[in-house]
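*Asks:* I am sharing input_37.cif, which consists of mmCIF, C-alpha atoms and all ligand atoms:
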```cif
data_model
#
loop_
_atom_site.label_atom_id
_atom_site.label_comp_id
_atom_site.auth_asym_id
_atom_site.auth_seq_id
_atom_site.Cartn_x
_atom_site.Cartn_y
_atom_site.Cartn_z
CA MET S 45 99.00 98.30 104.45
CA THR S 46 98.10 101.88 105.27
CA TRP S 47 94.85 103.56 104.24
CA SER S 48 92.95 100.41 105.07
CA PHE S 49 90.84 99.53 108.05
CA GLU S 50 89.71 96.42 109.80
CA ILE S 51 86.17 95.14 109.24
CA GLY S 52 86.46 91.90 111.22
CA ARG S 53 88.26 88.65 111.88
CA LEU S 54 87.50 85.31 110.27
CA PHE S 55 89.35 81.98 110.73
CA GLY S 56 92.18 83.72 112.59
CA SER S 57 92.95 86.34 109.93
CA THR S 58 91.98 90.01 109.97
CA VAL S 59 89.92 91.21 107.00
CA ARG S 60 90.78 94.76 105.98
CA VAL S 61 89.32 97.08 103.36
CA HIS S 62 91.34 99.71 101.54
CA VAL S 63 89.64 103.13 101.39
CA THR S 64 89.87 103.22 97.60
CA PHE S 65 87.54 100.22 97.56
CA PHE S 66 84.74 102.54 98.72
CA LEU S 67 85.60 104.93 95.89
CA LEU S 68 85.06 102.03 93.50
CA LEU S 69 81.67 101.22 95.10
CA PHE S 70 80.65 104.86 94.87
CA TRP S 71 81.79 105.19 91.27
CA ILE S 72 79.96 102.04 90.13
CA GLY S 73 76.80 102.92 92.06
CA ALA S 74 76.77 106.47 90.71
CA ALA S 75 77.40 105.35 87.14
CA ALA S 76 74.54 102.82 87.29
CA TYR S 77 72.23 105.39 88.91
CA VAL S 78 72.89 108.02 86.24
CA GLU S 79 72.38 105.53 83.45
CA ASN S 80 69.47 103.39 84.67
CA GLY S 81 68.12 104.74 87.93
CA GLN S 82 67.91 103.59 91.53
CA ALA S 83 67.05 99.91 91.04
CA ALA S 84 70.04 99.49 88.72
CA ALA S 85 72.33 101.25 91.21
CA ILE S 86 71.28 98.89 94.03
CA ASP S 87 71.68 95.89 91.75
CA SER S 88 75.19 97.02 90.76
CA LEU S 89 76.24 97.59 94.36
CA LEU S 90 74.90 94.20 95.49
CA PHE S 91 76.73 92.61 92.58
CA ILE S 92 80.05 94.25 93.50
CA LEU S 93 79.63 93.18 97.14
CA ALA S 94 78.85 89.59 96.06
CA LEU S 95 81.88 89.67 93.74
CA PHE S 96 84.17 90.81 96.53
CA ALA S 97 82.78 88.14 98.84
CA CYS S 98 84.00 85.69 96.17
CA VAL S 99 87.40 87.45 96.15
CA VAL S 100 87.63 87.09 99.95
CA ALA S 101 86.70 83.40 99.59
CA HIS S 102 89.50 83.05 97.00
CA GLU S 103 92.03 84.57 99.42
CA TYR S 104 90.84 82.27 102.21
CA GLY S 105 91.46 79.40 99.82
CA HIS S 106 95.14 80.39 99.89
CA ALA S 107 95.17 81.23 103.61
CA LEU S 108 93.53 78.03 104.87
CA THR S 109 95.67 75.82 102.62
CA ALA S 110 98.82 77.62 103.81
CA ARG S 111 97.74 77.03 107.40
CA ARG S 112 97.91 73.28 106.78
CA TYR S 113 101.65 73.82 106.35
CA GLY S 114 101.89 75.90 109.52
CA ILE S 115 101.91 79.29 107.76
CA VAL S 116 99.88 82.05 109.38
CA THR S 117 98.02 84.64 107.30
CA ARG S 118 98.08 87.88 109.21
CA ASP S 119 95.49 89.74 107.16
CA ILE S 120 93.50 89.81 103.96
CA THR S 121 93.03 93.23 102.35
CA LEU S 122 90.38 94.14 99.78
CA LEU S 123 91.66 96.50 97.09
CA PRO S 124 89.66 97.79 94.11
CA ILE S 125 91.71 95.46 91.89
CA GLY S 126 91.10 92.37 94.05
CA GLY S 127 92.23 90.82 97.29
CA MET S 128 95.61 90.32 98.88
CA ALA S 129 96.36 87.72 101.53
CA ARG S 130 99.49 88.57 103.52
CA LEU S 131 101.00 85.20 104.30
CA GLU S 132 103.78 85.18 106.83
CA ARG S 133 105.92 83.46 104.23
CA MET S 134 105.43 81.33 101.16
CA PRO S 135 106.07 77.61 101.46
CA GLU S 136 109.41 76.88 99.81
CA LYS S 137 108.62 73.26 98.96
CA PRO S 138 107.42 73.32 95.33
CA GLY S 139 104.55 70.89 95.92
CA GLN S 140 103.17 72.93 98.81
CA GLU S 141 103.51 76.18 96.92
CA ILE S 142 101.57 74.74 93.99
CA LEU S 143 98.72 73.60 96.27
CA VAL S 144 98.56 76.96 98.09
CA ALA S 145 98.53 78.80 94.75
CA LEU S 146 95.87 76.59 93.15
CA ALA S 147 93.55 76.71 96.19
CA GLY S 148 92.49 80.30 95.35
CA PRO S 149 91.30 79.73 91.77
CA ALA S 150 89.82 76.38 92.90
CA VAL S 151 87.45 78.28 95.21
CA ASN S 152 86.19 80.35 92.26
CA ILE S 153 85.71 77.20 90.19
CA VAL S 154 83.62 75.71 93.02
CA ILE S 155 81.49 78.88 93.29
CA TRP S 156 81.01 78.85 89.52
CA ALA S 157 79.99 75.18 89.59
CA VAL S 158 77.54 75.71 92.46
CA LEU S 159 75.92 78.70 90.70
CA ALA S 160 75.65 76.66 87.51
CA LEU S 161 74.21 73.58 89.23
CA VAL S 162 71.88 75.23 91.76
CA PHE S 163 70.70 78.28 89.83
CA GLY S 164 71.27 76.93 86.35
CA ALA S 165 73.43 79.99 85.77
CA ARG S 166 75.19 79.81 82.42
CA ALA S 167 78.62 81.43 82.61
CA SER S 168 79.99 82.99 79.49
CA LEU S 169 83.21 84.90 79.08
CA ASP S 170 81.84 86.69 75.98
CA ASP S 171 79.20 88.20 78.21
CA LEU S 172 81.70 89.92 80.49
CA SER S 173 81.89 93.07 78.40
CA VAL S 174 78.16 93.29 77.67
CA MET S 175 76.88 91.98 81.00
CA SER S 176 73.97 94.14 81.99
CA PRO S 177 71.27 93.52 84.59
CA GLU S 178 68.50 93.66 81.95
CA THR S 179 69.77 90.81 79.82
CA VAL S 180 71.76 88.54 82.19
CA SER S 181 70.63 87.26 85.59
CA PHE S 182 72.51 88.10 88.79
CA ALA S 183 73.59 84.45 89.26
CA ALA S 184 74.78 84.16 85.66
CA ARG S 185 76.85 87.34 85.94
CA LEU S 186 78.38 86.11 89.22
CA ALA S 187 79.12 82.73 87.64
CA SER S 188 80.83 84.46 84.71
CA VAL S 189 83.11 86.62 86.83
CA ASN S 190 84.08 83.65 89.00
CA LEU S 191 85.08 81.75 85.88
CA PHE S 192 87.01 84.83 84.72
CA LEU S 193 88.72 85.21 88.13
CA ALA S 194 89.81 81.56 88.06
CA LEU S 195 91.19 81.77 84.50
CA PHE S 196 92.86 85.16 84.97
CA ASN S 197 94.60 83.98 88.13
CA LEU S 198 95.82 80.86 86.38
CA LEU S 199 97.82 82.89 83.82
CA PRO S 200 101.37 81.53 84.23
CA ALA S 201 102.97 84.84 85.26
CA PHE S 202 103.70 86.74 88.46
CA PRO S 203 101.89 88.04 90.46
CA MET S 204 99.03 85.79 89.38
CA ASP S 205 98.60 82.45 91.15
CA GLY S 206 99.60 80.69 87.93
CA GLY S 207 102.96 82.48 88.21
CA ARG S 208 103.61 80.68 91.50
CA VAL S 209 102.77 77.37 89.86
CA LEU S 210 105.14 78.24 87.01
CA ARG S 211 107.92 79.14 89.44
CA ALA S 212 107.44 75.95 91.45
CA VAL S 213 107.66 73.89 88.25
CA VAL S 214 110.74 75.79 86.97
CA THR S 215 112.39 75.25 90.39
CA ILE S 216 112.70 71.59 89.46
CA PHE S 217 115.21 72.57 86.73
CA THR S 218 116.99 75.55 88.28
CA ASP S 219 117.32 77.44 91.58
CA ARG S 220 114.54 79.47 93.12
CA VAL S 221 115.97 82.91 92.36
CA GLN S 222 116.34 82.06 88.66
CA ALA S 223 112.86 80.51 88.63
CA THR S 224 111.42 83.67 90.20
CA ARG S 225 113.17 85.84 87.58
CA ILE S 226 111.55 83.77 84.83
CA ALA S 227 108.07 83.98 86.38
CA ALA S 228 108.52 87.72 87.02
CA ALA S 229 109.69 88.31 83.42
CA ALA S 230 106.59 86.44 82.24
CA GLY S 231 104.54 88.77 84.45
CA GLN S 232 106.08 91.86 82.90
CA VAL S 233 105.49 90.55 79.38
CA MET S 234 101.90 89.81 80.41
CA ALA S 235 101.60 93.35 81.77
CA PHE S 236 102.66 94.79 78.40
CA LEU S 237 100.13 92.60 76.59
CA LEU S 238 97.37 93.70 78.97
CA GLY S 239 98.42 97.33 78.64
CA PHE S 240 98.41 97.05 74.84
CA LEU S 241 94.96 95.42 74.98
CA GLY S 242 93.79 98.22 77.28
CA LEU S 243 95.05 100.90 74.90
CA ALA S 244 93.68 99.16 71.83
CA SER S 245 90.24 98.68 73.37
CA GLY S 246 90.26 102.00 75.24
CA ASN S 247 89.67 100.22 78.56
CA PRO S 248 91.19 102.18 81.49
CA LEU S 249 90.58 99.30 83.91
CA LEU S 250 92.83 97.01 81.86
CA LEU S 251 95.57 99.67 81.90
CA LEU S 252 95.28 99.86 85.69
CA ILE S 253 95.53 96.07 86.00
CA ALA S 254 98.54 96.06 83.62
CA PHE S 255 100.32 98.66 85.77
CA PHE S 256 99.60 96.66 88.93
CA VAL S 257 100.80 93.40 87.38
CA TYR S 258 104.04 95.08 86.20
CA MET S 259 104.85 96.55 89.63
CA ALA S 260 103.95 93.42 91.57
CA ALA S 261 106.03 91.17 89.30
CA GLY S 262 109.13 93.27 90.02
CA ALA S 263 108.50 93.39 93.77
CA GLU S 264 108.19 89.62 94.02
CA SER S 265 111.52 89.19 92.27
CA SER S 266 113.44 91.47 94.67
CA GLU S 267 111.84 89.90 97.75
CA VAL S 268 113.10 86.48 96.67
CA GLN S 269 116.58 87.85 95.89
CA LEU S 270 116.72 89.34 99.38
CA ARG S 271 115.88 85.98 100.91
CA ALA S 272 118.39 84.17 98.74
CA LEU S 273 121.14 86.55 99.81
CA ALA S 274 120.08 86.27 103.47
CA ARG S 275 120.25 82.49 103.28
CA ASN S 276 123.98 82.57 102.65
CA MET S 277 124.66 84.90 105.56
CA LEU S 278 124.65 84.52 109.31
CA ALA S 279 122.93 86.76 111.83
CA ARG S 280 126.30 87.96 113.04
CA ASP S 281 127.19 89.32 109.56
CA ALA S 282 124.27 91.73 109.72
CA MET S 283 123.90 92.66 113.38
CA ILE S 284 124.41 96.09 114.89
CA THR S 285 127.28 95.97 117.37
CA HIS S 286 127.78 99.66 118.19
CA PHE S 287 124.83 100.86 120.21
CA GLU S 288 123.62 102.52 123.38
CA SER S 289 121.52 100.40 125.69
CA LEU S 290 119.17 101.23 128.55
CA ALA S 291 118.18 99.48 131.77
CA PRO S 292 114.57 98.54 132.63
CA SER S 293 114.61 100.90 135.62
CA ASP S 294 115.79 103.90 133.55
CA SER S 295 113.56 106.97 133.49
CA LEU S 296 111.87 108.47 130.46
CA HIS S 297 114.34 111.34 130.79
CA ALA S 298 117.26 108.92 130.35
CA ALA S 299 115.56 107.54 127.24
CA ASN S 300 115.10 111.07 125.87
CA MET S 301 118.79 111.77 126.39
CA ALA S 302 119.75 108.53 124.64
CA LEU S 303 117.49 109.51 121.73
CA ILE S 304 119.20 112.88 121.37
CA HIS S 305 122.76 111.63 121.70
CA THR S 306 122.51 108.77 119.20
CA THR S 307 120.92 108.12 115.80
CA GLN S 308 119.32 104.87 117.00
CA ALA S 309 115.62 104.22 116.41
CA GLU S 310 115.60 101.16 118.70
CA PHE S 311 117.29 100.84 122.08
CA PRO S 312 117.97 97.43 123.60
CA VAL S 313 116.89 97.35 127.24
CA LEU S 314 119.26 95.09 129.16
CA HIS S 315 119.06 93.47 132.59
CA ALA S 316 122.06 93.86 134.91
CA ASP S 317 123.46 90.49 133.71
CA GLY S 318 123.39 91.66 130.09
CA THR S 319 120.38 89.58 129.01
CA LEU S 320 117.74 91.26 126.88
CA ALA S 321 114.60 92.60 128.61
CA GLY S 322 113.11 94.25 125.53
CA PHE S 323 113.42 97.00 122.96
CA LEU S 324 112.42 100.61 123.36
CA THR S 325 111.51 102.27 120.05
CA ARG S 326 111.81 105.92 119.13
CA ASN S 327 108.05 106.02 118.51
CA ALA S 328 107.32 104.64 121.99
CA ILE S 329 109.53 107.36 123.52
CA PHE S 330 107.76 110.08 121.51
CA ALA S 331 104.35 108.68 122.50
CA ALA S 332 105.32 108.64 126.19
CA ASP S 333 106.63 112.22 125.95
CA LYS S 334 103.26 113.36 124.65
CA ALA S 335 101.14 111.22 127.00
CA GLU S 336 99.55 112.75 130.07
CA HIS S 337 100.47 109.80 132.27
CA LYS S 338 104.28 109.49 132.27
CA PRO S 339 105.80 106.04 132.87
CA LEU S 340 107.78 105.61 136.12
CA SER S 341 110.40 103.61 134.23
CA ILE S 342 110.91 102.62 130.62
CA SER S 343 110.06 99.00 131.41
CA GLU S 344 106.41 100.12 131.15
CA ILE S 345 106.73 101.29 127.56
CA MET S 346 109.28 98.91 126.04
CA GLN S 347 108.43 96.04 123.70
CA PRO S 348 109.18 92.91 125.77
CA ALA S 349 111.87 90.75 124.19
CA GLY S 350 110.48 87.96 122.05
CA LEU S 351 112.68 85.44 120.36
CA THR S 352 116.45 85.96 120.54
CA LEU S 353 118.84 84.20 118.18
CA PRO S 354 122.34 82.80 118.70
CA LEU S 355 125.34 84.22 116.80
CA THR S 356 125.35 81.26 114.45
CA ALA S 357 121.70 81.67 113.38
CA ARG S 358 121.04 82.27 109.71
CA LEU S 359 120.01 85.72 108.59
CA THR S 360 116.80 84.24 107.13
CA ASP S 361 115.81 83.21 110.67
CA ALA S 362 116.23 86.82 111.75
CA LEU S 363 114.08 87.98 108.79
CA ASP S 364 111.40 85.44 109.72
CA ALA S 365 111.45 86.56 113.37
CA LEU S 366 111.16 90.24 112.41
CA TYR S 367 108.15 89.60 110.20
CA ALA S 368 106.46 86.83 112.18
CA GLU S 369 106.54 88.60 115.52
CA ASN S 370 106.13 92.04 113.96
CA THR S 371 108.80 93.32 116.26
CA ALA S 372 111.16 96.28 115.96
CA ALA S 373 114.35 94.29 116.39
CA VAL S 374 115.70 90.82 117.11
CA GLY S 375 118.39 90.37 119.75
CA ILE S 376 121.46 88.23 119.06
CA THR S 377 122.94 86.51 122.10
CA GLY S 378 126.44 85.30 122.85
CA PRO S 379 127.35 81.94 124.43
CA ASN S 380 126.54 83.15 127.98
CA GLY S 381 123.06 84.42 127.06
CA ALA S 382 123.98 88.11 127.13
CA MET S 383 122.87 90.24 124.19
CA ILE S 384 125.79 91.25 122.02
CA GLY S 385 124.02 92.76 119.03
CA PHE S 386 120.67 93.16 117.32
CA ILE S 387 119.11 93.22 113.88
CA THR S 388 116.47 95.62 112.58
CA ARG S 389 114.62 95.77 109.25
CA GLU S 390 116.46 98.93 108.39
CA ASN S 391 119.91 97.49 108.84
CA ILE S 392 119.02 94.42 106.76
CA GLY S 393 117.92 96.90 104.08
CA GLU S 394 121.30 98.64 104.30
CA LEU S 395 123.10 95.34 104.04
CA MET S 396 121.21 94.54 100.83
CA VAL S 397 122.26 97.87 99.30
CA ILE S 398 125.89 97.33 100.24
CA SER S 399 125.88 93.78 98.89
CA GLY S 400 124.67 95.26 95.59
CA ARG S 401 121.91 92.77 94.99
ZN ZN O 1 95.00 84.06 94.36
#
```
Please, can you express the file's structure as C-alpha cells?
Ligand SMILES: [Zn+2]
*Replies:*
Amino acid sequence: MTWSFEIGRLFGSTVRVHVTFFLLLFWIGAAAYVENGQAAAIDSLLFILALFACVVAHEYGHALTARRYGIVTRDITLLPIGGMARLERMPEKPGQEILVALAGPAVNIVIWAVLALVFGARASLDDLSVMSPETVSFAARLASVNLFLALFNLLPAFPMDGGRVLRAVVTIFTDRVQATRIAAAAGQVMAFLLGFLGLASGNPLLLLIAFFVYMAAGAESSEVQLRALARNMLARDAMITHFESLAPSDSLHAANMALIHTTQAEFPVLHADGTLAGFLTRNAIFAADKAEHKPLSISEIMQPAGLTLPLTARLTDALDALYAENTAAVGITGPNGAMIGFITRENIGELMVISGR
C-alpha cells in the first residue's frame, strides 16, 4: 500500500500507518479542542490511539491464527476506517478460514470483557452516538467501541469477517467462486443499507464506510475468480516464451540496449547452460543509470532467482510464488533445468482479460 509508512515490527509482521490516519487524528483533536478545550482534545486523541491499538490487536488475532496454518502476514496497515492485515493467502479449508476470520472479533470481545471485569466498564451500543468524555468514562467508551467492532465485523457480508464465515459455510453447498459471489452480493446489499442509513441520519462517516464496503466486496469477488481460473490452467499456458535474455557478465550498457530494443520490463539473466541466474527489472536498470557508482556487470543489480517452477506446475503455484516472494517474475524450467519461459504479474493480468473472466 502506497502513502503509508512503517512504524515498527511485531510478531514478524510490519505495522504500517496510512498518512490519512494522521488527518483523522488531527481532525478529531481539532474538533474536540474547538468545542471543549485542550483537556478534551488530549482525551479524544488518547481515546483514538487506544481504539486503534484495539484495531491492531484485532488484526493480530487474524495474523497469529493464520500463522498456525503456515500463512505469513506481511504487514498490517492502519487506515482511518480500520486496520488491514495483508495475509499471503487465505486458508482454503473452510474450517481454517472460519477460525482465522473469527479470531479478529474474538480479540475485541476479550478486550471488552476485560474492561468490563477489571474497570467495571459498562458497554452500551446506545451510547456510541452520544458518547462524550463528560458523561461516560474512558474505559466504558473503549468497552463500547470494542463491542461495536466485534458486532460490526460479524455482519455476514464481505469484506467483514462475518462475510468470510458466511462464504466458508456456503462452500459446503456449492463451489468457492459461487460462495464468494453470494458473500460479495451480501456485502453490496449491506453497503446500500449503510449508505441509506448514512443519508437518512446525515452521518458522513457511515457514507464513507458504505463506499468502502461496496468497493471491497467487489474486489474480493474478482480476486477469487482469478484464482479459480488460474487453478484450471498450467504455468505453461501463461508463460512468456518470446523474450530477450541477458548474461550475468553483461554490462549495464548491454542492459540499456536490451531495454530500448524490446518492450520487456523484466529480463531473465541466464547462465551459459541456460539455467536462470536472476531477473533484471526495468526499474533496476533505470536506478543503475542514475546511480553514481555504476555496476561492473548486471549480476550486481539483478534480483537473484528464487523459486523456479516446472512446465507442469499449476498457474496458482506461479501466483503464490509471485506474491509470496514479492518477486518480479517466476522462471519456468524445462526437463533439463534450463529456463524456457517466465511469468510476470502483468502477463497473468493479460491472460485474465483474454479469458474474459
Ligand atoms: Zn477482522
*Asks:* Please check which protein, DNA or RNA residues sit within 10 Å of ligand ZN 1 (chain O), counting all atoms listed in the file, and write them as a VMD selection string.
*Replies:* chain S and resid 99 to 107 126 to 129 144 to 152 193 to 194 196 to 198 203 to 206 208
*Asks:* So, counting only C-alpha atoms, which residue among S:Leu210, S:Leu95, S:Val59, S:Leu363 is closest to Thr117 (chain S)?
*Replies:*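 Closest to Thr117 (chain S) of all the choices is S:Val59.
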*Asks:* Using only C-alpha atoms, which residues sit within 12 Å of region 331-338 of chain S once same-chain residues fewer than 5 positions away are excluded, as an MDAnalysis selection string?
*Replies:* chainID S and resid 295:300 303 324:326 343:346
*Asks:* Determine the nearest neighbour of Ser289 (chain S) from the options S:Glu141, S:Asp361, S:Glu310, S:Asp219, counting only C-alpha atoms.
*Replies:* S:Glu310
*Asks:* In Å to one decimal, how far is CA of Phe323 (chain S) from CA of Ile342 (chain S)?
*Replies:* 9.8 Å
*Asks:* Which is closest to Phe311 (chain S) among S:Phe66, S:Tyr77, S:Phe256, S:Phe386, if we use only C-alpha atoms?
*Replies:* S:Phe386
*Asks:* Render region 80-113 of chain S from the structure in the preceding block as a file of N, CA and C atoms, as a PDB file, in the first residue's frame.
*Replies:*
```pdb
ATOM      1  N   ASN S  80     -14.418  21.907  23.234  1.00  0.00           N
ATOM      2  CA  ASN S  80     -14.297  21.799  24.692  1.00  0.00           C
ATOM      3  C   ASN S  80     -12.923  22.114  25.273  1.00  0.00           C
ATOM      4  N   GLY S  81     -12.001  22.584  24.461  1.00  0.00           N
ATOM      5  CA  GLY S  81     -10.715  22.985  25.005  1.00  0.00           C
ATOM      6  C   GLY S  81      -9.647  21.904  25.000  1.00  0.00           C
ATOM      7  N   GLN S  82      -8.509  22.241  25.605  1.00  0.00           N
ATOM      8  CA  GLN S  82      -7.313  21.420  25.487  1.00  0.00           C
ATOM      9  C   GLN S  82      -7.453  20.041  26.133  1.00  0.00           C
ATOM     10  N   ALA S  83      -8.029  20.007  27.348  1.00  0.00           N
ATOM     11  CA  ALA S  83      -8.146  18.723  28.047  1.00  0.00           C
ATOM     12  C   ALA S  83      -8.983  17.744  27.224  1.00  0.00           C
ATOM     13  N   ALA S  84     -10.049  18.250  26.614  1.00  0.00           N
ATOM     14  CA  ALA S  84     -10.918  17.398  25.800  1.00  0.00           C
ATOM     15  C   ALA S  84     -10.182  16.910  24.563  1.00  0.00           C
ATOM     16  N   ALA S  85      -9.348  17.787  23.977  1.00  0.00           N
ATOM     17  CA  ALA S  85      -8.593  17.404  22.781  1.00  0.00           C
ATOM     18  C   ALA S  85      -7.638  16.268  23.107  1.00  0.00           C
ATOM     19  N   ILE S  86      -6.932  16.370  24.242  1.00  0.00           N
ATOM     20  CA  ILE S  86      -5.985  15.319  24.638  1.00  0.00           C
ATOM     21  C   ILE S  86      -6.730  14.024  24.914  1.00  0.00           C
ATOM     22  N   ASP S  87      -7.866  14.138  25.604  1.00  0.00           N
ATOM     23  CA  ASP S  87      -8.673  12.955  25.897  1.00  0.00           C
ATOM     24  C   ASP S  87      -9.114  12.272  24.599  1.00  0.00           C
ATOM     25  N   SER S  88      -9.560  13.067  23.628  1.00  0.00           N
ATOM     26  CA  SER S  88     -10.018  12.495  22.353  1.00  0.00           C
ATOM     27  C   SER S  88      -8.888  11.791  21.634  1.00  0.00           C
ATOM     28  N   LEU S  89      -7.716  12.424  21.613  1.00  0.00           N
ATOM     29  CA  LEU S  89      -6.574  11.829  20.911  1.00  0.00           C
ATOM     30  C   LEU S  89      -6.148  10.526  21.573  1.00  0.00           C
ATOM     31  N   LEU S  90      -6.090  10.531  22.921  1.00  0.00           N
ATOM     32  CA  LEU S  90      -5.712   9.303  23.636  1.00  0.00           C
ATOM     33  C   LEU S  90      -6.728   8.201  23.348  1.00  0.00           C
ATOM     34  N   PHE S  91      -7.998   8.604  23.265  1.00  0.00           N
ATOM     35  CA  PHE S  91      -9.045   7.622  23.008  1.00  0.00           C
ATOM     36  C   PHE S  91      -8.878   6.989  21.622  1.00  0.00           C
ATOM     37  N   ILE S  92      -8.607   7.850  20.622  1.00  0.00           N
ATOM     38  CA  ILE S  92      -8.424   7.325  19.260  1.00  0.00           C
ATOM     39  C   ILE S  92      -7.208   6.390  19.208  1.00  0.00           C
ATOM     40  N   LEU S  93      -6.127   6.772  19.894  1.00  0.00           N
ATOM     41  CA  LEU S  93      -4.936   5.917  19.895  1.00  0.00           C
ATOM     42  C   LEU S  93      -5.234   4.572  20.563  1.00  0.00           C
ATOM     43  N   ALA S  94      -5.986   4.621  21.680  1.00  0.00           N
ATOM     44  CA  ALA S  94      -6.350   3.373  22.372  1.00  0.00           C
ATOM     45  C   ALA S  94      -7.235   2.520  21.468  1.00  0.00           C
ATOM     46  N   LEU S  95      -8.163   3.188  20.761  1.00  0.00           N
ATOM     47  CA  LEU S  95      -9.064   2.475  19.852  1.00  0.00           C
ATOM     48  C   LEU S  95      -8.278   1.775  18.746  1.00  0.00           C
ATOM     49  N   PHE S  96      -7.275   2.491  18.199  1.00  0.00           N
ATOM     50  CA  PHE S  96      -6.523   1.877  17.113  1.00  0.00           C
ATOM     51  C   PHE S  96      -5.578   0.792  17.607  1.00  0.00           C
ATOM     52  N   ALA S  97      -5.164   0.882  18.875  1.00  0.00           N
ATOM     53  CA  ALA S  97      -4.400  -0.226  19.450  1.00  0.00           C
ATOM     54  C   ALA S  97      -5.286  -1.473  19.475  1.00  0.00           C
ATOM     55  N   CYS S  98      -6.578  -1.278  19.759  1.00  0.00           N
ATOM     56  CA  CYS S  98      -7.527  -2.411  19.748  1.00  0.00           C
ATOM     57  C   CYS S  98      -7.699  -2.949  18.330  1.00  0.00           C
ATOM     58  N   VAL S  99      -7.695  -2.042  17.334  1.00  0.00           N
ATOM     59  CA  VAL S  99      -7.824  -2.462  15.936  1.00  0.00           C
ATOM     60  C   VAL S  99      -6.596  -3.295  15.531  1.00  0.00           C
ATOM     61  N   VAL S 100      -5.407  -2.839  15.950  1.00  0.00           N
ATOM     62  CA  VAL S 100      -4.184  -3.594  15.645  1.00  0.00           C
ATOM     63  C   VAL S 100      -4.262  -4.974  16.306  1.00  0.00           C
ATOM     64  N   ALA S 101      -4.741  -5.004  17.566  1.00  0.00           N
ATOM     65  CA  ALA S 101      -4.879  -6.292  18.268  1.00  0.00           C
ATOM     66  C   ALA S 101      -5.830  -7.212  17.503  1.00  0.00           C
ATOM     67  N   HIS S 102      -6.915  -6.646  16.970  1.00  0.00           N
ATOM     68  CA  HIS S 102      -7.886  -7.408  16.166  1.00  0.00           C
ATOM     69  C   HIS S 102      -7.178  -8.029  14.952  1.00  0.00           C
ATOM     70  N   GLU S 103      -6.375  -7.212  14.256  1.00  0.00           N
ATOM     71  CA  GLU S 103      -5.689  -7.719  13.055  1.00  0.00           C
ATOM     72  C   GLU S 103      -4.676  -8.806  13.418  1.00  0.00           C
ATOM     73  N   TYR S 104      -4.006  -8.627  14.579  1.00  0.00           N
ATOM     74  CA  TYR S 104      -3.073  -9.673  15.013  1.00  0.00           C
ATOM     75  C   TYR S 104      -3.814 -10.955  15.388  1.00  0.00           C
ATOM     76  N   GLY S 105      -5.078 -10.814  15.792  1.00  0.00           N
ATOM     77  CA  GLY S 105      -5.894 -12.004  16.022  1.00  0.00           C
ATOM     78  C   GLY S 105      -5.958 -12.846  14.753  1.00  0.00           C
ATOM     79  N   HIS S 106      -6.227 -12.174  13.614  1.00  0.00           N
ATOM     80  CA  HIS S 106      -6.243 -12.870  12.324  1.00  0.00           C
ATOM     81  C   HIS S 106      -4.854 -13.411  11.989  1.00  0.00           C
ATOM     82  N   ALA S 107      -3.841 -12.522  12.111  1.00  0.00           N
ATOM     83  CA  ALA S 107      -2.488 -12.850  11.637  1.00  0.00           C
ATOM     84  C   ALA S 107      -1.908 -14.039  12.398  1.00  0.00           C
ATOM     85  N   LEU S 108      -2.064 -14.034  13.729  1.00  0.00           N
ATOM     86  CA  LEU S 108      -1.435 -15.096  14.525  1.00  0.00           C
ATOM     87  C   LEU S 108      -2.189 -16.419  14.371  1.00  0.00           C
ATOM     88  N   THR S 109      -3.502 -16.346  14.135  1.00  0.00           N
ATOM     89  CA  THR S 109      -4.244 -17.582  13.875  1.00  0.00           C
ATOM     90  C   THR S 109      -3.845 -18.150  12.514  1.00  0.00           C
ATOM     91  N   ALA S 110      -3.701 -17.250  11.518  1.00  0.00           N
ATOM     92  CA  ALA S 110      -3.311 -17.699  10.176  1.00  0.00           C
ATOM     93  C   ALA S 110      -1.935 -18.352  10.224  1.00  0.00           C
ATOM     94  N   ARG S 111      -1.060 -17.815  11.084  1.00  0.00           N
ATOM     95  CA  ARG S 111       0.285 -18.381  11.160  1.00  0.00           C
ATOM     96  C   ARG S 111       0.266 -19.834  11.605  1.00  0.00           C
ATOM     97  N   ARG S 112      -0.729 -20.196  12.434  1.00  0.00           N
ATOM     98  CA  ARG S 112      -0.837 -21.593  12.862  1.00  0.00           C
ATOM     99  C   ARG S 112      -1.029 -22.517  11.676  1.00  0.00           C
ATOM    100  N   TYR S 113      -1.558 -21.966  10.564  1.00  0.00           N
ATOM    101  CA  TYR S 113      -1.749 -22.783   9.360  1.00  0.00           C
ATOM    102  C   TYR S 113      -0.659 -22.488   8.330  1.00  0.00           C
TER     103      TYR S 113
END
```
